[in-house]
Structure formats: structure tokens, C-alpha cells
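Trainee: Compact mmCIF, C-alpha atoms, saved as structure_38.txt, coming up:
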# COMPACT_ATOMS: atom_id res chain seq x y z
CA MET A 798 0.00 0.00 0.00
CA LEU A 799 2.78 2.46 0.91
CA LYS A 800 4.57 1.55 -2.30
CA LYS A 801 1.36 2.01 -4.31
CA LEU A 802 0.84 5.47 -2.78
CA TYR A 803 4.48 6.41 -3.42
CA CYS A 804 4.28 5.31 -7.07
CA GLU A 805 0.97 7.05 -7.70
CA PHE A 806 2.25 10.33 -6.31
CA LEU A 807 5.50 9.86 -8.20
CA ARG A 808 3.38 9.84 -11.36
CA PHE A 809 1.28 12.82 -10.23
CA GLY A 810 4.53 14.66 -9.48
CA CYS A 811 5.69 14.33 -13.08
CA PHE A 812 2.70 16.37 -14.28
CA THR A 813 2.26 19.05 -11.62
CA PHE A 814 2.60 22.15 -13.73
CA GLY A 815 1.06 25.48 -12.88
CA GLY A 816 1.50 25.77 -9.14
CA GLY A 817 0.44 22.20 -8.55
CA TRP A 818 -3.30 22.65 -9.09
CA SER A 819 -3.25 19.89 -11.69
CA ILE A 820 -2.52 17.38 -8.90
CA VAL A 821 -6.12 17.92 -7.81
CA ALA A 822 -7.29 17.10 -11.33
CA GLN A 823 -5.17 13.95 -11.39
CA MET A 824 -6.42 12.83 -7.96
CA ASN A 825 -9.96 13.41 -9.18
CA GLU A 826 -9.27 11.24 -12.22
CA LEU A 827 -7.68 8.34 -10.32
CA TYR A 828 -9.20 8.28 -6.84
CA VAL A 829 -12.67 9.71 -7.43
CA LYS A 830 -13.53 8.51 -10.93
CA GLN A 831 -11.55 5.27 -11.31
CA GLU A 832 -10.89 3.76 -7.88
CA LYS A 833 -13.81 5.47 -6.11
CA ILE A 834 -11.94 5.56 -2.79
CA LEU A 835 -12.48 9.30 -2.41
CA THR A 836 -15.55 11.45 -2.99
CA ASN A 837 -15.48 14.83 -4.71
CA GLU A 838 -16.51 16.39 -1.42
CA GLU A 839 -13.55 14.85 0.38
CA LEU A 840 -11.19 15.98 -2.36
CA LEU A 841 -12.51 19.53 -2.07
CA ASP A 842 -12.03 19.38 1.71
CA ILE A 843 -8.45 18.16 1.39
CA THR A 844 -7.73 20.80 -1.25
CA SER A 845 -9.10 23.70 0.75
CA ILE A 846 -7.35 22.62 3.96
CA GLY A 847 -4.08 21.98 2.13
CA ARG A 848 -4.31 25.37 0.44
CA SER A 849 -4.83 27.26 3.67
CA LEU A 850 -2.00 25.68 5.67
CA PRO A 851 1.53 27.10 5.49
CA GLY A 852 3.97 25.50 3.06
CA THR A 853 3.52 23.95 -0.33
CA MET A 854 -0.10 23.26 -1.23
CA ILE A 855 0.48 19.97 -3.01
CA GLY A 856 2.79 18.73 -0.27
CA ASN A 857 -0.01 19.42 2.21
CA ILE A 858 -2.60 17.76 -0.02
CA ALA A 859 -0.35 14.71 -0.36
CA MET A 860 0.06 14.54 3.43
CA LEU A 861 -3.68 14.90 4.12
CA PHE A 862 -4.59 12.25 1.57
CA GLY A 863 -1.80 9.85 2.57
CA TYR A 864 -2.72 10.16 6.24
CA ARG A 865 -6.30 9.23 5.42
CA MET A 866 -5.10 6.12 3.56
CA ARG A 867 -2.32 4.86 5.82
CA GLY A 868 -1.59 7.24 8.69
CA PHE A 869 1.63 9.25 9.06
CA PHE A 870 3.73 6.95 6.87
CA GLY A 871 1.08 7.01 4.17
CA GLY A 872 1.40 10.79 4.21
CA VAL A 873 5.19 10.61 4.06
CA ALA A 874 5.03 8.14 1.15
CA CYS A 875 2.76 10.50 -0.81
CA VAL A 876 4.84 13.60 -0.04
CA PHE A 877 8.15 12.01 -1.02
CA GLY A 878 6.60 10.36 -4.07
CA MET A 879 5.31 13.73 -5.18
CA ILE A 880 8.69 15.51 -4.87
CA THR A 881 10.85 12.77 -6.44
CA ALA A 882 10.35 13.66 -10.12
CA PRO A 883 10.51 17.46 -9.74
CA MET A 884 13.67 17.08 -7.68
CA ILE A 885 15.42 14.89 -10.25
CA VAL A 886 14.36 17.24 -13.07
CA LEU A 887 15.66 20.29 -11.19
CA ILE A 888 18.93 18.56 -10.26
CA LEU A 889 19.50 17.81 -13.96
CA ILE A 890 18.55 21.33 -15.00
CA THR A 891 20.86 22.89 -12.41
CA THR A 892 23.68 20.67 -13.62
CA PHE A 893 23.12 21.53 -17.29
CA TYR A 894 21.85 25.04 -16.61
CA SER A 895 23.57 26.81 -19.49
CA MET A 896 22.31 24.29 -22.05
CA PHE A 897 18.66 24.67 -21.07
CA GLN A 898 18.72 28.42 -20.63
CA ASP A 899 18.09 29.54 -24.21
CA ASN A 900 16.91 26.38 -25.92
CA VAL A 901 14.12 27.15 -28.42
CA TRP A 902 12.71 23.59 -28.42
CA VAL A 903 12.43 23.44 -24.65
CA ALA A 904 10.87 26.91 -24.47
CA SER A 905 8.31 26.06 -27.19
CA ALA A 906 7.29 22.79 -25.55
CA MET A 907 6.88 24.55 -22.22
CA LYS A 908 4.78 27.30 -23.76
CA GLY A 909 2.44 24.57 -25.03
CA VAL A 910 2.31 22.87 -21.63
CA ARG A 911 1.52 26.14 -19.88
CA ALA A 912 -1.44 26.60 -22.23
CA ALA A 913 -2.79 23.25 -21.01
CA VAL A 914 -2.77 24.08 -17.31
CA ALA A 915 -5.93 26.20 -17.18
CA PRO A 916 -8.10 23.60 -19.04
CA VAL A 917 -6.74 20.84 -16.78
CA ILE A 918 -7.70 22.72 -13.63
CA LEU A 919 -11.03 23.73 -15.13
CA SER A 920 -11.90 20.08 -15.85
CA ALA A 921 -11.20 19.19 -12.20
CA LEU A 922 -13.29 22.13 -11.03
CA MET A 923 -16.24 21.05 -13.19
CA ALA A 924 -16.11 17.57 -11.70
CA MET A 925 -16.20 18.97 -8.16
CA LEU A 926 -18.95 21.52 -8.73
CA HIS A 927 -21.93 19.33 -7.74
CA SER A 928 -20.60 18.57 -4.29
CA ALA A 929 -19.75 22.15 -3.37
CA PHE A 930 -23.19 23.72 -3.07
CA LYS A 931 -25.28 22.26 -0.28
CA PHE A 932 -27.58 25.26 0.14
CA PRO A 933 -28.43 28.01 -2.40
CA PRO A 934 -26.40 30.74 -0.57
CA CYS A 935 -23.29 28.63 -1.20
CA TYR A 936 -23.34 29.92 -4.80
CA LEU A 937 -23.06 33.45 -3.43
CA VAL A 938 -20.14 32.38 -1.23
CA ALA A 939 -18.30 31.03 -4.29
CA LEU A 940 -19.02 34.21 -6.25
CA LEU A 941 -17.93 36.44 -3.38
CA MET A 942 -14.68 34.54 -2.80
CA PHE A 943 -13.94 34.57 -6.51
CA GLY A 944 -14.32 38.35 -6.52
CA LEU A 945 -12.22 38.81 -3.40
CA TYR A 946 -9.48 36.58 -4.81
CA PHE A 947 -9.40 37.76 -8.39
CA PHE A 948 -10.20 41.46 -8.09
CA ALA A 949 -9.06 42.32 -4.57
CA GLY A 950 -6.15 39.87 -4.26
CA VAL A 951 -7.22 38.69 -0.80
CA SER A 952 -5.03 35.86 0.52
CA CYS A 953 -6.43 32.31 0.36
CA VAL A 954 -6.05 31.88 4.11
CA TRP A 955 -8.52 34.69 4.76
CA LEU A 956 -10.89 33.36 2.12
CA VAL A 957 -10.97 29.94 3.76
CA ILE A 958 -11.52 31.47 7.22
CA PHE A 959 -14.24 33.74 5.81
CA GLY A 960 -15.83 30.75 4.06
CA ALA A 961 -15.76 28.78 7.32
CA ILE A 962 -17.62 31.55 9.18
CA LEU A 963 -20.19 31.85 6.39
CA GLY A 964 -20.61 28.07 6.47
CA LEU A 965 -21.48 28.19 10.18
CA VAL A 966 -23.94 31.05 9.63
CA ILE A 967 -25.63 29.43 6.61
CA CYS A 968 -25.99 26.03 8.30
CA GLU A 969 -27.36 27.51 11.54
CA TYR A 970 -29.88 29.51 9.52
CA TYR A 971 -31.11 26.46 7.63
CA GLU A 972 -31.30 24.33 10.78
CA LYS A 973 -33.43 26.97 12.52
CA LYS A 974 -35.58 27.25 9.40
CA VAL A 975 -36.21 23.49 9.39
CA LYS A 976 -37.24 23.68 13.06
CA ARG A 977 -39.54 26.66 12.38
CA ASP A 978 -41.15 24.92 9.44
CA ASP A 979 -41.82 21.86 11.60
CA MET B 443 32.60 21.74 9.31
CA THR B 444 31.84 24.73 7.10
CA GLU B 445 29.84 22.38 4.88
CA LEU B 446 27.74 21.32 7.84
CA ILE B 447 27.09 24.94 8.74
CA THR B 448 26.09 25.69 5.12
CA LEU B 449 23.67 22.75 5.17
CA LEU B 450 22.16 23.94 8.45
CA GLU B 451 21.83 27.48 7.10
CA LEU B 452 20.15 26.14 3.98
CA PHE B 453 17.76 24.04 6.02
CA TRP B 454 16.86 26.93 8.32
CA SER B 455 16.35 29.33 5.39
CA PHE B 456 13.84 27.00 3.81
CA VAL B 457 12.11 26.25 7.12
CA LYS B 458 11.49 29.99 7.37
CA ILE B 459 10.34 30.21 3.75
CA GLY B 460 8.08 27.18 4.22
CA PHE B 461 6.35 28.40 7.34
CA THR B 462 5.77 31.96 6.21
CA SER B 463 4.47 31.26 2.73
CA PHE B 464 1.24 29.93 1.41
CA GLY B 465 2.44 28.70 -1.93
CA GLY B 466 2.64 30.21 -5.37
CA LEU B 467 4.18 33.49 -6.31
CA SER B 468 3.70 34.90 -2.80
CA MET B 469 6.93 33.10 -1.88
CA ILE B 470 9.14 34.96 -4.32
CA PRO B 471 10.05 38.07 -2.27
CA LEU B 472 10.94 35.92 0.72
CA ILE B 473 12.93 33.38 -1.30
CA SER B 474 14.74 36.21 -3.02
CA SER B 475 15.82 37.97 0.19
CA GLU B 476 16.84 34.72 1.93
CA MET B 477 18.84 33.45 -1.04
CA ILE B 478 20.65 36.72 -1.71
CA SER B 479 21.46 37.51 1.94
CA HIS B 480 23.06 34.09 2.44
CA GLY B 481 24.79 34.21 -0.94
CA PHE B 482 23.10 31.01 -2.12
CA MET B 483 21.94 32.70 -5.33
CA THR B 484 22.35 36.02 -7.13
CA ALA B 485 19.37 38.24 -8.00
CA SER B 486 19.42 37.19 -11.66
CA GLU B 487 19.56 33.51 -10.67
CA VAL B 488 16.44 34.06 -8.56
CA ALA B 489 14.67 35.45 -11.64
CA ASP B 490 15.88 32.46 -13.69
CA ILE B 491 14.71 29.94 -11.12
CA VAL B 492 11.24 31.47 -11.07
CA ALA B 493 11.03 30.98 -14.84
CA ILE B 494 12.46 27.45 -14.60
CA ALA B 495 10.16 26.51 -11.74
CA GLU B 496 7.16 27.56 -13.79
CA MET B 497 8.27 25.48 -16.75
CA THR B 498 9.14 22.29 -14.87
CA PRO B 499 6.88 20.09 -12.78
CA GLY B 500 6.67 20.68 -9.06
CA PRO B 501 5.84 23.65 -6.88
CA LEU B 502 7.93 26.83 -6.98
CA GLY B 503 9.13 26.62 -3.38
CA LEU B 504 10.47 23.09 -3.72
CA ASN B 505 12.07 23.80 -7.10
CA CYS B 506 13.84 26.82 -5.60
CA ALA B 507 14.96 24.61 -2.72
CA THR B 508 16.47 22.08 -5.12
CA PHE B 509 18.18 24.76 -7.21
CA ALA B 510 19.62 26.68 -4.24
CA GLY B 511 20.53 23.45 -2.45
CA MET B 512 22.41 22.14 -5.50
CA ARG B 513 24.31 25.41 -5.82
CA ALA B 514 25.25 25.59 -2.15
CA GLY B 515 25.83 21.95 -1.27
CA GLY B 516 25.27 19.55 -4.15
CA ILE B 517 22.67 16.81 -4.03
CA LEU B 518 22.86 16.59 -0.24
CA GLY B 519 22.17 20.33 -0.13
CA ALA B 520 19.17 19.85 -2.42
CA ILE B 521 17.74 17.16 -0.12
CA VAL B 522 18.31 19.23 3.02
CA ALA B 523 16.72 22.33 1.44
CA ASN B 524 13.71 20.30 0.30
CA LEU B 525 13.23 18.87 3.78
CA GLY B 526 13.32 22.41 5.16
CA ALA B 527 10.73 23.60 2.65
CA LEU B 528 8.56 20.57 3.48
CA SER B 529 8.81 21.04 7.26
CA PRO B 530 5.34 22.66 7.55
CA THR B 531 3.87 19.77 5.55
CA LEU B 532 5.52 17.18 7.79
CA THR B 533 4.38 18.93 11.00
CA VAL B 534 1.40 21.30 10.63
CA ALA B 535 -0.33 19.40 7.80
CA PHE B 536 0.21 16.14 9.71
CA ILE B 537 -1.46 17.57 12.83
CA ALA B 538 -4.26 19.00 10.66
CA ALA B 539 -4.74 15.55 9.09
CA ILE B 540 -5.10 13.90 12.51
CA PHE B 541 -7.50 16.59 13.66
CA PHE B 542 -9.56 16.46 10.49
CA GLU B 543 -9.90 12.66 10.43
CA HIS B 544 -11.05 12.62 14.06
CA ALA B 545 -13.44 15.54 13.81
CA LYS B 546 -14.78 14.69 10.37
CA ASN B 547 -18.30 14.04 11.63
CA ASN B 548 -18.31 16.85 14.16
CA LYS B 549 -21.36 19.03 13.60
CA HIS B 550 -19.48 22.33 13.51
CA LEU B 551 -16.77 21.01 11.20
CA VAL B 552 -19.47 19.84 8.80
CA GLN B 553 -20.98 23.33 8.92
CA ILE B 554 -17.60 24.95 8.41
CA MET B 555 -16.84 22.78 5.39
CA THR B 556 -20.23 23.70 3.88
CA GLY B 557 -18.86 27.24 3.55
CA VAL B 558 -15.25 26.33 2.82
CA ARG B 559 -16.10 24.17 -0.21
CA PRO B 560 -17.80 26.91 -2.26
CA ALA B 561 -15.04 29.30 -1.13
CA CYS B 562 -12.53 26.87 -2.59
CA VAL B 563 -14.48 26.69 -5.86
CA GLY B 564 -14.41 30.49 -6.08
CA MET B 565 -10.67 30.54 -5.39
CA VAL B 566 -9.91 27.90 -8.01
CA ALA B 567 -12.00 29.78 -10.56
CA GLY B 568 -9.88 32.84 -9.76
CA VAL B 569 -6.68 30.84 -10.22
CA ILE B 570 -7.88 29.62 -13.63
CA LEU B 571 -8.63 33.16 -14.83
CA GLU B 572 -5.31 34.41 -13.46
CA MET B 573 -3.43 31.71 -15.35
CA SER B 574 -5.42 32.29 -18.53
CA ARG B 575 -4.51 35.96 -18.44
CA GLU B 576 -0.82 35.08 -18.17
CA ASN B 577 -0.65 32.12 -20.52
CA TYR B 578 -2.92 32.99 -23.44
CA VAL B 579 -0.80 35.71 -24.95
CA ASP B 580 -1.31 34.80 -28.63
CA VAL B 581 -3.55 32.82 -30.99
CA PRO B 582 -1.55 29.53 -30.89
CA THR B 583 -1.57 29.31 -27.08
CA LEU B 584 -5.30 30.05 -27.05
CA ALA B 585 -5.87 27.39 -29.72
CA ILE B 586 -3.91 24.82 -27.68
CA GLY B 587 -5.99 25.72 -24.63
CA ILE B 588 -9.30 25.25 -26.48
CA VAL B 589 -8.20 21.92 -28.01
CA ASP B 590 -7.10 20.71 -24.55
CA LEU B 591 -10.40 21.69 -22.99
CA ILE B 592 -12.36 19.73 -25.61
CA LEU B 593 -10.08 16.70 -25.20
CA LEU B 594 -10.47 16.78 -21.41
CA LEU B 595 -14.21 17.40 -21.17
CA TYR B 596 -15.61 15.55 -24.18
CA VAL B 597 -12.99 13.02 -25.30
CA LYS B 598 -12.05 12.28 -21.64
CA MET B 599 -8.37 12.07 -22.51
CA SER B 600 -6.11 11.58 -19.48
CA ILE B 601 -4.17 14.55 -18.08
CA PRO B 602 -0.61 13.33 -18.79
CA LYS B 603 -1.58 12.68 -22.43
CA VAL B 604 -3.09 16.15 -22.75
CA LEU B 605 0.07 17.76 -21.31
CA LEU B 606 2.30 15.76 -23.67
CA LEU B 607 0.16 16.64 -26.67
CA SER B 608 0.31 20.32 -25.67
CA ALA B 609 4.11 20.14 -25.51
CA ILE B 610 4.19 18.69 -29.04
CA LEU B 611 1.75 21.36 -30.31
CA GLY B 612 3.94 23.99 -28.64
CA ILE B 613 7.01 22.72 -30.51
CA ILE B 614 5.09 22.61 -33.82
CA PHE B 615 3.62 26.10 -33.44
CA PHE B 616 6.56 27.99 -31.98
CA ALA B 617 9.75 26.15 -32.93
CA VAL B 618 8.79 24.66 -36.32
CA MET B 619 6.24 27.14 -37.68
CA GLY B 620 7.82 30.10 -35.91
CA PHE B 621 4.74 31.88 -34.54
Could you write out this file's structure as C-alpha cells?

Mentor:
Amino acid sequence: MLKKLYCEFLRFGCFTFGGGWSIVAQMNELYVKQEKILTNEELLDITSIGRSLPGTMIGNIAMLFGYRMRGFFGGVACVFGMITAPMIVLILITTFYSMFQDNVWVASAMKGVRAAVAPVILSALMAMLHSAFKFPPCYLVALLMFGLYFFAGVSCVWLVIFGAILGLVICEYYEKKVKRDD
Amino acid sequence: MTELITLLELFWSFVKIGFTSFGGLSMIPLISSEMISHGFMTASEVADIVAIAEMTPGPLGLNCATFAGMRAGGILGAIVANLGALSPTLTVAFIAAIFFEHAKNNKHLVQIMTGVRPACVGMVAGVILEMSRENYVDVPTLAIGIVDLILLLYVKMSIPKVLLLSAILGIIFFAVMGF
């Protein structure tokens, strides 16, 4: 099991372009759609917690997921699996720095890959949409946080804290409403 | 002895970077000041590493750690720097994982997550737009993006295949056809 986790995250690690968000898309593909050992809701939870903790988001996501599967060592297996490929690539690049620096072929390939990152993340987001909105006001929360992030540049930590408070308020409101209606 | 001190300095620098950053480009000012003040990298190397980190797999912070670690202390330096950068993951995220697994069915945590999930969706949507603004600078990149989206959503092609195909399209458009 530890070896399986390590190998899966080794593979994810090879394709984590664009700040690592594509790891979420890959986890969605393997664990939610194929193996069905994780729900979209759980993946969203892991993502939002991992994003709001200090350090590297995908390292945190790997730890949270690995811990769920196999405790601390499961987390360690995922984290070290995830960093293996990027580390080897960077060690090679540092060693042959001058050769990579101005290579047209490398730059062109990378420009193509960068163009793929947004669609990859978007496809993961679409898959997670259904599980994100429990009550109608949740749509407003998403819209508000989008605005705060994109237009006001508010840090993700604050957005998650703000979302948490709104979650408490919204749920309390609906619970009281159910009681009133009874 | 001096090598050991360098390794410790490297480790400590990246512990500081790890704990005070929340990923992405927000790390750059901190990485830059730590690297330059210790003499691990020059200012222009910091700019280079940001570009390299964006082009290669893996998060920026860890790629910087590998680059600076290699420069300052070879492969051992790279490993030490990575461990430093991962220290919040191995401590704080671990504690969060324990807490979360135990409190998963707690009423208030369920309520909290009801608000956090849509917040996360909003954030990710923001990230996508941010990246689109940066990456779709000309017609070929936009075309690659649209083709990828169709392949992902309708053809259900796997992510690694889509990334590889995009790399090939990039070479065809920019290196061969010279856009």
C-alpha cells in the first residue's frame, strides 16, 4: 500500500505544472472517478485545507490524503513520491543550466504545456462543482470569494476562514428554518 | 565543518520560507531575500529559477529549494533544502490531518466545510482566470488551450496525455512554424 501510494504520487509529481493545481485534477481522475476511494466532497475538503495551511499546497494535499489512507507513513510516502520527479528534473537542470537556458525547443514545448494548465484545472473544477453547493447561498459564497481573490487579491487563508464563518452562519440559519417549518 | 554549517543554514532558510508562505508566487520576495542575503543565489539567478520553476513540474518553493541546495551543497544540499521547505507539511499538515480525520463528523466542522467548499471553488475559478490571463498571450496558445479543454471534457483524454500533446503542439507552433 505504501509503495502504491508512493508510485501514484510519483506519477502525479511528473505532471504538476502550474503551481500544482493539476494534482487535484489527477487525484480526481484516479481516486474519485476510477478507484472510487475518495468522494469529490472529500477531495474539495483536502484541497481547501491543504491550500490554507503554510507551506507547499500539493505537499499538504499529499500529506492529508496519505494520512487518510495509511496514517503518518502514508502521508510521508505521498509527499516524497510527489517531490521525487521534480527534484530529479531540477537537479538535472541545475547541472546543465547553461544548455537549457536559451533552448528554443524546450521553451516552445513549455509554452504549449503552460497553455494546457488552465483547461486541466477547469476540468477538475467542473467535476467537483456538484458537491460544493449544499444550500443556495453557497453559490453566493463562491461568487464572493472569486471576486475577493481575483479582483481584490485577498489571501487564500482569509478566504478559507471567511468561508468557514459563512458556512457556520448558513448552516445555523437552515437548521433553525427546518425547526420553524416543523 | 563549514559544509555542515552551510547545510544547516540552507535548512533553516527553507524552514522559514516554508512556514511563512502559502504557496505560489507569494513566496518569491521571501525566497529572493533569503537566497541573496546568504549568498546562495544572485538576483538574476532568482529570476531564472522562477522561470524554470514555472516550466518544470513541481511547486515553486520546492524547485527553488532544489536549485539553491544544489548550488550551495550539491545533491545533499538539495535534499536538506527540500526537507526544510517541506517542514510545515511534515508537522502542521500532519497535525491537521489527525484533527480532520477525528473531527470529520463533528457538527461544527461539517458546517464549516459547507462554507469552505464553495469558497474553494471560487478561489480555483480565480486561479484559472489568473493563469489564462498570463498564458494565453497569442492565438496559438489560445488554440492549444481550447483543443485541450475539448479533449479533457468531451474526449475524456487523461491529463498526462493532454500535457504531452500540448508540448508537441507547442514545438510545432513555436519552434517549427515560428509563430

Trainee: Let me make sure I understand: among B:Ile614, B:Val589, B:Ala539, B:Leu446, which one has the smallest atom-to-atom distance to chain A if we use all atoms listed in the file?

Mentor: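 For chain A, the nearest of the given residues is B:Ala539.
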
Trainee: With a distance cut-off of 12 Å and only C-alpha atoms, select the neighbouring residues of B:Ala489, excluding the residue or stretch itself and same-chain residues fewer than 3 positions from it, and output the selection as a compact mmCIF listing (two decimals) with C-alpha atoms, in the coordinates of the input.

Mentor:
# COMPACT_ATOMS: atom_id res chain seq x y z
CA LEU B 467 4.18 33.49 -6.31
CA ILE B 470 9.14 34.96 -4.32
CA PRO B 471 10.05 38.07 -2.27
CA ILE B 473 12.93 33.38 -1.30
CA SER B 474 14.74 36.21 -3.02
CA MET B 477 18.84 33.45 -1.04
CA ILE B 478 20.65 36.72 -1.71
CA MET B 483 21.94 32.70 -5.33
CA THR B 484 22.35 36.02 -7.13
CA ALA B 485 19.37 38.24 -8.00
CA SER B 486 19.42 37.19 -11.66
CA VAL B 492 11.24 31.47 -11.07
CA ALA B 493 11.03 30.98 -14.84
CA ILE B 494 12.46 27.45 -14.60
CA ALA B 495 10.16 26.51 -11.74
CA GLU B 496 7.16 27.56 -13.79
CA LEU B 502 7.93 26.83 -6.98
CA CYS B 506 13.84 26.82 -5.60

Trainee: Fewer than 3 positions away in the same chain doesn't count, so skip those; otherwise give me all residues within 12 Å of A:Met866, counting only C-alpha atoms, as a PyMOL selection string.

Mentor: (chain A and resi 798-799+801-803+828+834-835+859-863+869-875) or (chain B and resi 539-540+543)

Trainee: Applying 9 Å and all atoms listed in the file, which residues near A:Val901 remain after dropping the ones on its own chain fewer than 6 positions away? List them as a list in words.

Mentor: Ile613, Phe616 and Ala617 of chain B

Trainee: Interatomic distance between atom CA of B:Cys562 and atom CA of A:Glu838?

Mentor: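 Here the two named atoms are 11.3 Å from each other.
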
Trainee: Take atom CA of B:Phe453 and atom CA of A:Thr853 and report the distance between them in Å, one decimal.

Mentor: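 Distance reported for this atom pair: 15.6 Å.
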
Trainee: Using Å and a single decimal, report how far atom CA of A:Trp955 sits from atom CA of B:Ser574.

Mentor: 23.6 Å
